[in-house]
Amino acid sequence: MRFGVLRFPGSCDEVDAQLACERVGEATILWHGDRDLQGVDAVVVPGGFSYGDYLRVGAIARFAPIMESLVEFARAGGPVLGICNGFQVLCEAGLLPGALLPNKTLRFVCRQVELVVERADTPFTSACEEGERLSIPAKHTTGCWYAPPELHERVEANGQVLLRYAPGESFNGSLADVAGVCNEAGNVFGLMPHPEHAVDPLTGSTDGLKLFESIREHAGARV
Amino acid sequence: MRVLVRPKAGILDPQGQAVERALPALGFDGVAHVHVGRLIELDVEDASRLPEMCERLLANPLIEDYEIVEA
């Protein structure tokens with residue numbers, strides 16, 4: 001299978017995302033100014049500071065030409081993974097519920113965090129087990145997930161929270177310790193921590209690889 | 001025209017809280033309910049389109065309120 005990894009001006013984790021994808025399949029970088037997704041089977045919207053995070057994180061990137069194709073791809077059921085800034089972009093684009101606010105401490109935090117897998121029956125977590133803990137680094141200033149009460153209730157009722165920070169691990173103030181949520185259809189998923197930085201024993205954990213393996217399993221079944 | 005964008009009431013506003021804590025430290029007492037938002041100044045030919053601009057780009061209606069002010 002082939003992943004496409006978007007590159008915006010200001011992206012900085014797209015190469016790590018590409019390398020992570022290449023551990024389970026092929027991967028191509030897709031430029032924000034193009035419209036062609038080149039027939040990829042899954043798309044990763046990577047971390048960084050797309051368009052300098054001007055105005056609001058993710059706010060400008062959602063209007064990039066490639067985003068129109070991405071929205072179509074997502075509506076057709078294609079798997080889309082948004083990491084960190086990619087999560088912020090997908091929220092701004094309305095593909096994922098909620099918004100990301102500044103961390104409650106206002107500080108940039110970079111550290112390994114423990115996550116709990118809430119559901120293991122999704123295209124993004126099928127290689128995990130329910131209740132499993134994943135150790136994955138997080139590094140952000142604007143990662144406090146928020147949704148108004150009625151939206152949050154709906155997200156929880158639909159089982160759209162796939163990853164939560166383990167007790168005591170959330171440093172950003174996210175509502176209900178949400179670390180990653182998917183859309184209602186379950187084919188678009190975003191999270192603040194960086195699974196692409198946890199794919200090699202050299203950097204301490206390979207737990208992040210499970211997300212990419214899950215997507216490969218799912219894409220294989222889809223073809 | 002001016003567009004004032006502020007965090008919705010009740011939403012965590014760590015910037016406002018930080019300013020609220022900093023002012024008394026400088027000797028400015030009696031300060032409460034500080035909120036930090038954004039001011040966007042712009043010339044527009046058709047001001048009737050401003051609300052849509054706010055809804056779609058200038059503010060995120062999920063977390064922010066906006067106010068359009070004639071400058």
# chains A, B, ... in the order shown; residues from 1 in each chain; ligands from 1

call {"tool": "residues_around", "arguments": {"residues": "Arg62 of chain A", "least_positions_apart": "3", "cutoff": "8 Å", "atoms": "only C-alpha atoms", "output": "list of chain:residue names"}}
result
A:Gly58, A:Ala59, A:Met67, A:Val89, A:Leu90, A:Glu92, A:Ala93

call {"tool": "residues_around", "arguments": {"residues": "Arg21 of chain B", "least_positions_apart": "6", "cutoff": "12 Å", "atoms": "only C-alpha atoms", "output": "list in words"}}
result
Pro14, Gln15, Gly27, Phe28, Asp29, Gly30, Val31, Ala32, His33, Val34 and His35 of chain B

call {"tool": "residues_around", "arguments": {"residues": "Glu118 of chain A", "least_positions_apart": "6", "cutoff": "6 Å", "atoms": "only C-alpha atoms", "output": "ChimeraX atom specification"}}
result
/A:130-131,162-163

call {"tool": "write_last_selection", "arguments": {"atoms": "N, CA and C atoms", "output": "mmCIF file, in the first residue's frame"}}
result
data_model
loop_
_atom_site.group_PDB
_atom_site.id
_atom_site.type_symbol
_atom_site.label_atom_id
_atom_site.label_comp_id
_atom_site.auth_asym_id
_atom_site.auth_seq_id
_atom_site.Cartn_x
_atom_site.Cartn_y
_atom_site.Cartn_z
ATOM 1 N N GLU A 130 -7.449 -3.131 23.244
ATOM 2 C CA GLU A 130 -8.202 -2.180 24.044
ATOM 3 C C GLU A 130 -7.594 -2.108 25.442
ATOM 4 N N GLY A 131 -7.399 -0.904 25.939
ATOM 5 C CA GLY A 131 -6.836 -0.732 27.270
ATOM 6 C C GLY A 131 -5.315 -0.736 27.293
ATOM 7 N N LEU A 162 -10.382 7.665 20.517
ATOM 8 C CA LEU A 162 -9.620 6.420 20.341
ATOM 9 C C LEU A 162 -8.441 6.349 21.306
ATOM 10 N N LEU A 163 -7.893 7.504 21.675
ATOM 11 C CA LEU A 163 -6.755 7.533 22.597
ATOM 12 C C LEU A 163 -6.982 8.604 23.654
#

call {"tool": "closest_residue", "arguments": {"among": "A:Trp31, A:Phe73, A:Phe8, A:Trp145", "to": "chain B", "atoms": "only C-alpha atoms"}}
result
A:Trp145

call {"tool": "interface_residues", "arguments": {"of": "chain A", "to": "chain B", "cutoff": "7 Å", "atoms": "only C-alpha atoms", "output": "list of chain:residue names"}}
result
A:Ala59, A:Lys104, A:Thr105, A:Leu106

call {"tool": "atom_distance", "arguments": {"atom1": "atom CA of Thr125 of chain A", "atom2": "atom CA of His152 of chain A"}}
result
21.0 Å

call {"tool": "select_by_dssp", "arguments": {"residues": "segment 54-203 of chain A", "states": "strand (DSSP E or B)", "output": "PyMOL selection string"}}
result
chain A and resi 80-83+99-101+109-117+133-140+144-146+161-165+178-182+188-191+200

call {"tool": "write_last_selection", "arguments": {"atoms": "C-alpha atoms", "output": "PDB file, in the first residue's frame"}}
result
ATOM      1  CA  VAL A  80      -6.609  10.070   6.936  1.00  0.00           C
ATOM      2  CA  LEU A  81      -4.274  10.419   9.923  1.00  0.00           C
ATOM      3  CA  GLY A  82      -3.567  13.891  11.318  1.00  0.00           C
ATOM      4  CA  ILE A  83      -0.647  14.278  13.699  1.00  0.00           C
ATOM      5  CA  ALA A  99     -10.636  22.518  18.313  1.00  0.00           C
ATOM      6  CA  LEU A 100      -7.183  22.750  19.854  1.00  0.00           C
ATOM      7  CA  LEU A 101      -6.569  25.511  22.398  1.00  0.00           C
ATOM      8  CA  VAL A 109       6.086  20.807  26.262  1.00  0.00           C
ATOM      9  CA  CYS A 110       8.169  18.048  24.713  1.00  0.00           C
ATOM     10  CA  ARG A 111       8.111  14.707  26.480  1.00  0.00           C
ATOM     11  CA  GLN A 112       7.170  11.053  26.273  1.00  0.00           C
ATOM     12  CA  VAL A 113       3.514  10.506  27.259  1.00  0.00           C
ATOM     13  CA  GLU A 114       1.529   7.399  28.127  1.00  0.00           C
ATOM     14  CA  LEU A 115      -1.673   6.922  26.158  1.00  0.00           C
ATOM     15  CA  VAL A 116      -4.508   4.480  26.724  1.00  0.00           C
ATOM     16  CA  VAL A 117      -6.147   2.805  23.737  1.00  0.00           C
ATOM     17  CA  ARG A 133      -0.850   1.704  26.993  1.00  0.00           C
ATOM     18  CA  LEU A 134       1.282   3.312  24.319  1.00  0.00           C
ATOM     19  CA  SER A 135       4.374   5.355  25.025  1.00  0.00           C
ATOM     20  CA  ILE A 136       4.645   8.101  22.409  1.00  0.00           C
ATOM     21  CA  PRO A 137       6.299  11.530  22.489  1.00  0.00           C
ATOM     22  CA  ALA A 138       4.255  14.719  22.430  1.00  0.00           C
ATOM     23  CA  LYS A 139       5.624  18.190  21.616  1.00  0.00           C
ATOM     24  CA  HIS A 140       3.288  21.102  21.266  1.00  0.00           C
ATOM     25  CA  CYS A 144      -5.661  21.287  24.576  1.00  0.00           C
ATOM     26  CA  TRP A 145      -8.537  19.538  22.838  1.00  0.00           C
ATOM     27  CA  TYR A 146     -11.874  21.207  23.411  1.00  0.00           C
ATOM     28  CA  VAL A 161     -12.230   8.990  21.354  1.00  0.00           C
ATOM     29  CA  LEU A 162      -9.620   6.420  20.341  1.00  0.00           C
ATOM     30  CA  LEU A 163      -6.755   7.533  22.597  1.00  0.00           C
ATOM     31  CA  ARG A 164      -6.694   9.227  25.975  1.00  0.00           C
ATOM     32  CA  TYR A 165      -3.775  10.413  28.062  1.00  0.00           C
ATOM     33  CA  VAL A 178      -8.630  13.273  25.020  1.00  0.00           C
ATOM     34  CA  ALA A 179      -5.428  12.659  23.058  1.00  0.00           C
ATOM     35  CA  GLY A 180      -6.951  11.555  19.754  1.00  0.00           C
ATOM     36  CA  VAL A 181     -10.407  11.566  18.153  1.00  0.00           C
ATOM     37  CA  CYS A 182     -11.870  10.261  14.919  1.00  0.00           C
ATOM     38  CA  VAL A 188     -10.335  10.271   9.784  1.00  0.00           C
ATOM     39  CA  PHE A 189      -8.289  10.325  12.965  1.00  0.00           C
ATOM     40  CA  GLY A 190      -6.189  13.002  14.611  1.00  0.00           C
ATOM     41  CA  LEU A 191      -3.954  13.032  17.675  1.00  0.00           C
ATOM     42  CA  ASP A 200      12.511   2.732  16.252  1.00  0.00           C
TER      43      ASP A 200
END

call {"tool": "closest_residue", "arguments": {"among": "A:Arg107, A:Ser11, A:Gly25, A:Cys91", "to": "Ser214 of chain A", "atoms": "only C-alpha atoms"}}
result
A:Gly25

call {"tool": "closest_residue", "arguments": {"among": "B:Glu64, B:Val69, B:Glu45, B:Pro24", "to": "Ala9 of chain B", "atoms": "only C-alpha atoms"}}
result
B:Glu64

call {"tool": "residues_around", "arguments": {"residues": "Val3 of chain B", "least_positions_apart": "4", "cutoff": "6 Å", "atoms": "only C-alpha atoms", "output": "list in words"}}
result
Leu39, Ile40, Glu67 and Ile68 of chain B

call {"tool": "closest_residue", "arguments": {"among": "A:Gly77, A:Gly98, A:Gly10, A:Pro65", "to": "Phe49 of chain A", "atoms": "only C-alpha atoms"}}
result
A:Gly10

call {"tool": "select_by_dssp", "arguments": {"residues": "segment 49-166 of chain A", "states": "alpha helix (DSSP H)", "output": "ChimeraX atom specification"}}
result
/A:65-75,85-92,149-157

call {"tool": "write_last_selection", "arguments": {"atoms": "N, CA and C atoms", "output": "PDB file, in the first residue's frame"}}
result
ATOM      1  N   PRO A  65      -4.814  24.124  -1.791  1.00  0.00           N
ATOM      2  CA  PRO A  65      -5.458  23.376  -2.879  1.00  0.00           C
ATOM      3  C   PRO A  65      -5.564  21.878  -2.585  1.00  0.00           C
ATOM      4  N   ILE A  66      -4.522  21.285  -1.993  1.00  0.00           N
ATOM      5  CA  ILE A  66      -4.550  19.826  -1.775  1.00  0.00           C
ATOM      6  C   ILE A  66      -5.648  19.436  -0.785  1.00  0.00           C
ATOM      7  N   MET A  67      -6.067  20.399   0.062  1.00  0.00           N
ATOM      8  CA  MET A  67      -7.073  20.072   1.068  1.00  0.00           C
ATOM      9  C   MET A  67      -8.426  19.738   0.445  1.00  0.00           C
ATOM     10  N   GLU A  68      -8.711  20.369  -0.726  1.00  0.00           N
ATOM     11  CA  GLU A  68      -9.979  20.044  -1.394  1.00  0.00           C
ATOM     12  C   GLU A  68      -9.998  18.577  -1.779  1.00  0.00           C
ATOM     13  N   SER A  69      -8.872  18.117  -2.329  1.00  0.00           N
ATOM     14  CA  SER A  69      -8.777  16.701  -2.720  1.00  0.00           C
ATOM     15  C   SER A  69      -8.825  15.812  -1.488  1.00  0.00           C
ATOM     16  N   LEU A  70      -8.212  16.291  -0.405  1.00  0.00           N
ATOM     17  CA  LEU A  70      -8.194  15.498   0.827  1.00  0.00           C
ATOM     18  C   LEU A  70      -9.617  15.340   1.382  1.00  0.00           C
ATOM     19  N   VAL A  71     -10.381  16.433   1.338  1.00  0.00           N
ATOM     20  CA  VAL A  71     -11.767  16.366   1.834  1.00  0.00           C
ATOM     21  C   VAL A  71     -12.567  15.348   1.013  1.00  0.00           C
ATOM     22  N   GLU A  72     -12.390  15.383  -0.301  1.00  0.00           N
ATOM     23  CA  GLU A  72     -13.075  14.412  -1.164  1.00  0.00           C
ATOM     24  C   GLU A  72     -12.659  12.989  -0.812  1.00  0.00           C
ATOM     25  N   PHE A  73     -11.357  12.805  -0.653  1.00  0.00           N
ATOM     26  CA  PHE A  73     -10.795  11.487  -0.314  1.00  0.00           C
ATOM     27  C   PHE A  73     -11.394  10.980   1.005  1.00  0.00           C
ATOM     28  N   ALA A  74     -11.479  11.885   1.981  1.00  0.00           N
ATOM     29  CA  ALA A  74     -12.011  11.511   3.298  1.00  0.00           C
ATOM     30  C   ALA A  74     -13.499  11.182   3.198  1.00  0.00           C
ATOM     31  N   ARG A  75     -14.232  11.994   2.419  1.00  0.00           N
ATOM     32  CA  ARG A  75     -15.680  11.752   2.280  1.00  0.00           C
ATOM     33  C   ARG A  75     -15.938  10.408   1.628  1.00  0.00           C
ATOM     34  N   ASN A  85       0.057  19.231  14.340  1.00  0.00           N
ATOM     35  CA  ASN A  85      -0.460  20.296  13.481  1.00  0.00           C
ATOM     36  C   ASN A  85      -1.463  19.723  12.469  1.00  0.00           C
ATOM     37  N   GLY A  86      -1.235  18.491  12.039  1.00  0.00           N
ATOM     38  CA  GLY A  86      -2.172  17.842  11.121  1.00  0.00           C
ATOM     39  C   GLY A  86      -3.539  17.654  11.760  1.00  0.00           C
ATOM     40  N   PHE A  87      -3.551  17.342  13.045  1.00  0.00           N
ATOM     41  CA  PHE A  87      -4.788  17.225  13.821  1.00  0.00           C
ATOM     42  C   PHE A  87      -5.483  18.593  13.856  1.00  0.00           C
ATOM     43  N   GLN A  88      -4.701  19.628  14.115  1.00  0.00           N
ATOM     44  CA  GLN A  88      -5.251  20.985  14.173  1.00  0.00           C
ATOM     45  C   GLN A  88      -5.854  21.378  12.822  1.00  0.00           C
ATOM     46  N   VAL A  89      -5.153  21.030  11.743  1.00  0.00           N
ATOM     47  CA  VAL A  89      -5.636  21.358  10.397  1.00  0.00           C
ATOM     48  C   VAL A  89      -6.958  20.630  10.134  1.00  0.00           C
ATOM     49  N   LEU A  90      -7.031  19.347  10.496  1.00  0.00           N
ATOM     50  CA  LEU A  90      -8.242  18.564  10.224  1.00  0.00           C
ATOM     51  C   LEU A  90      -9.432  19.079  11.043  1.00  0.00           C
ATOM     52  N   CYS A  91      -9.164  19.572  12.252  1.00  0.00           N
ATOM     53  CA  CYS A  91     -10.238  20.178  13.058  1.00  0.00           C
ATOM     54  C   CYS A  91     -10.717  21.461  12.392  1.00  0.00           C
ATOM     55  N   GLU A  92      -9.770  22.302  11.965  1.00  0.00           N
ATOM     56  CA  GLU A  92     -10.145  23.561  11.308  1.00  0.00           C
ATOM     57  C   GLU A  92     -10.923  23.290  10.021  1.00  0.00           C
ATOM     58  N   PRO A 149     -19.982  21.333  25.220  1.00  0.00           N
ATOM     59  CA  PRO A 149     -20.539  20.164  25.923  1.00  0.00           C
ATOM     60  C   PRO A 149     -21.366  19.213  25.053  1.00  0.00           C
ATOM     61  N   GLU A 150     -22.263  19.770  24.226  1.00  0.00           N
ATOM     62  CA  GLU A 150     -23.137  18.837  23.473  1.00  0.00           C
ATOM     63  C   GLU A 150     -22.333  18.054  22.427  1.00  0.00           C
ATOM     64  N   LEU A 151     -21.333  18.723  21.832  1.00  0.00           N
ATOM     65  CA  LEU A 151     -20.483  18.033  20.854  1.00  0.00           C
ATOM     66  C   LEU A 151     -19.622  16.980  21.552  1.00  0.00           C
ATOM     67  N   HIS A 152     -19.082  17.357  22.707  1.00  0.00           N
ATOM     68  CA  HIS A 152     -18.249  16.405  23.457  1.00  0.00           C
ATOM     69  C   HIS A 152     -19.051  15.162  23.827  1.00  0.00           C
ATOM     70  N   GLU A 153     -20.284  15.384  24.266  1.00  0.00           N
ATOM     71  CA  GLU A 153     -21.150  14.257  24.632  1.00  0.00           C
ATOM     72  C   GLU A 153     -21.358  13.321  23.452  1.00  0.00           C
ATOM     73  N   ARG A 154     -21.596  13.937  22.290  1.00  0.00           N
ATOM     74  CA  ARG A 154     -21.845  13.144  21.075  1.00  0.00           C
ATOM     75  C   ARG A 154     -20.595  12.338  20.696  1.00  0.00           C
ATOM     76  N   VAL A 155     -19.435  13.002  20.788  1.00  0.00           N
ATOM     77  CA  VAL A 155     -18.173  12.349  20.446  1.00  0.00           C
ATOM     78  C   VAL A 155     -17.932  11.133  21.350  1.00  0.00           C
ATOM     79  N   GLU A 156     -18.233  11.307  22.643  1.00  0.00           N
ATOM     80  CA  GLU A 156     -18.044  10.196  23.590  1.00  0.00           C
ATOM     81  C   GLU A 156     -19.060   9.090  23.312  1.00  0.00           C
ATOM     82  N   ALA A 157     -20.325   9.486  23.082  1.00  0.00           N
ATOM     83  CA  ALA A 157     -21.382   8.497  22.867  1.00  0.00           C
ATOM     84  C   ALA A 157     -21.118   7.675  21.607  1.00  0.00           C
TER      85      ALA A 157
END

call {"tool": "atom_distance", "arguments": {"atom1": "atom CA of Ile29 of chain A", "atom2": "atom CA of Ala219 of chain A"}}
result
18.2 Å

call {"tool": "residues_around", "arguments": {"residues": "Ala127 of chain A", "least_positions_apart": "6", "cutoff": "12 Å", "atoms": "only C-alpha atoms", "output": "tab-separated table (two decimals) with N, CA and C atoms, in the first residue's frame"}}
result
chain	number	residue	atom	x	y	z
A	117	VAL	N	-5.34	3.11	24.92
A	117	VAL	CA	-6.15	2.81	23.74
A	117	VAL	C	-7.58	2.55	24.19
A	119	ARG	N	-10.25	2.22	21.99
A	119	ARG	CA	-10.89	1.27	21.07
A	119	ARG	C	-9.85	0.66	20.16
A	120	ALA	N	-9.95	-0.65	19.95
A	120	ALA	CA	-8.97	-1.33	19.11
A	120	ALA	C	-9.65	-1.92	17.87
A	121	ASP	N	-10.86	-1.45	17.58
A	121	ASP	CA	-11.59	-2.00	16.42
A	121	ASP	C	-11.71	-0.95	15.32
A	134	LEU	N	0.26	3.01	25.32
A	134	LEU	CA	1.28	3.31	24.32
A	134	LEU	C	2.16	4.43	24.85
A	207	ASP	N	6.01	1.98	19.89
A	207	ASP	CA	4.55	1.89	20.02
A	207	ASP	C	3.82	2.63	18.90
A	208	GLY	N	4.45	3.69	18.41
A	208	GLY	CA	3.79	4.49	17.37
A	208	GLY	C	3.57	3.71	16.09
A	209	LEU	N	4.44	2.75	15.87
A	209	LEU	CA	4.35	1.93	14.66
A	209	LEU	C	2.99	1.23	14.55
A	210	LYS	N	2.39	0.93	15.71
A	210	LYS	CA	1.13	0.19	15.72
A	210	LYS	C	0.02	0.94	14.96
A	211	LEU	N	0.08	2.27	15.02
A	211	LEU	CA	-0.93	3.04	14.29
A	211	LEU	C	-0.75	2.87	12.79
A	212	PHE	N	0.52	2.89	12.35
A	212	PHE	CA	0.79	2.74	10.92
A	212	PHE	C	0.47	1.31	10.46
A	213	GLU	N	0.77	0.34	11.33
A	213	GLU	CA	0.44	-1.05	11.00
A	213	GLU	C	-1.07	-1.24	10.88
A	214	SER	N	-1.79	-0.57	11.76
A	214	SER	CA	-3.26	-0.66	11.72
A	214	SER	C	-3.78	-0.14	10.39
A	215	ILE	N	-3.24	1.01	9.96
A	215	ILE	CA	-3.71	1.60	8.70
A	215	ILE	C	-3.40	0.65	7.54
A	216	ARG	N	-2.21	0.05	7.59
A	216	ARG	CA	-1.86	-0.88	6.51
A	216	ARG	C	-2.84	-2.05	6.47
A	217	GLU	N	-3.15	-2.62	7.65
A	217	GLU	CA	-4.11	-3.74	7.71
A	217	GLU	C	-5.43	-3.33	7.08
A	218	HIS	N	-5.86	-2.13	7.48
A	218	HIS	CA	-7.17	-1.65	7.02
A	218	HIS	C	-7.15	-1.38	5.52

call {"tool": "atom_distance", "arguments": {"atom1": "atom CA of Ala198 of chain A", "atom2": "atom CA of Ser174 of chain A"}}
result
21.8 Å
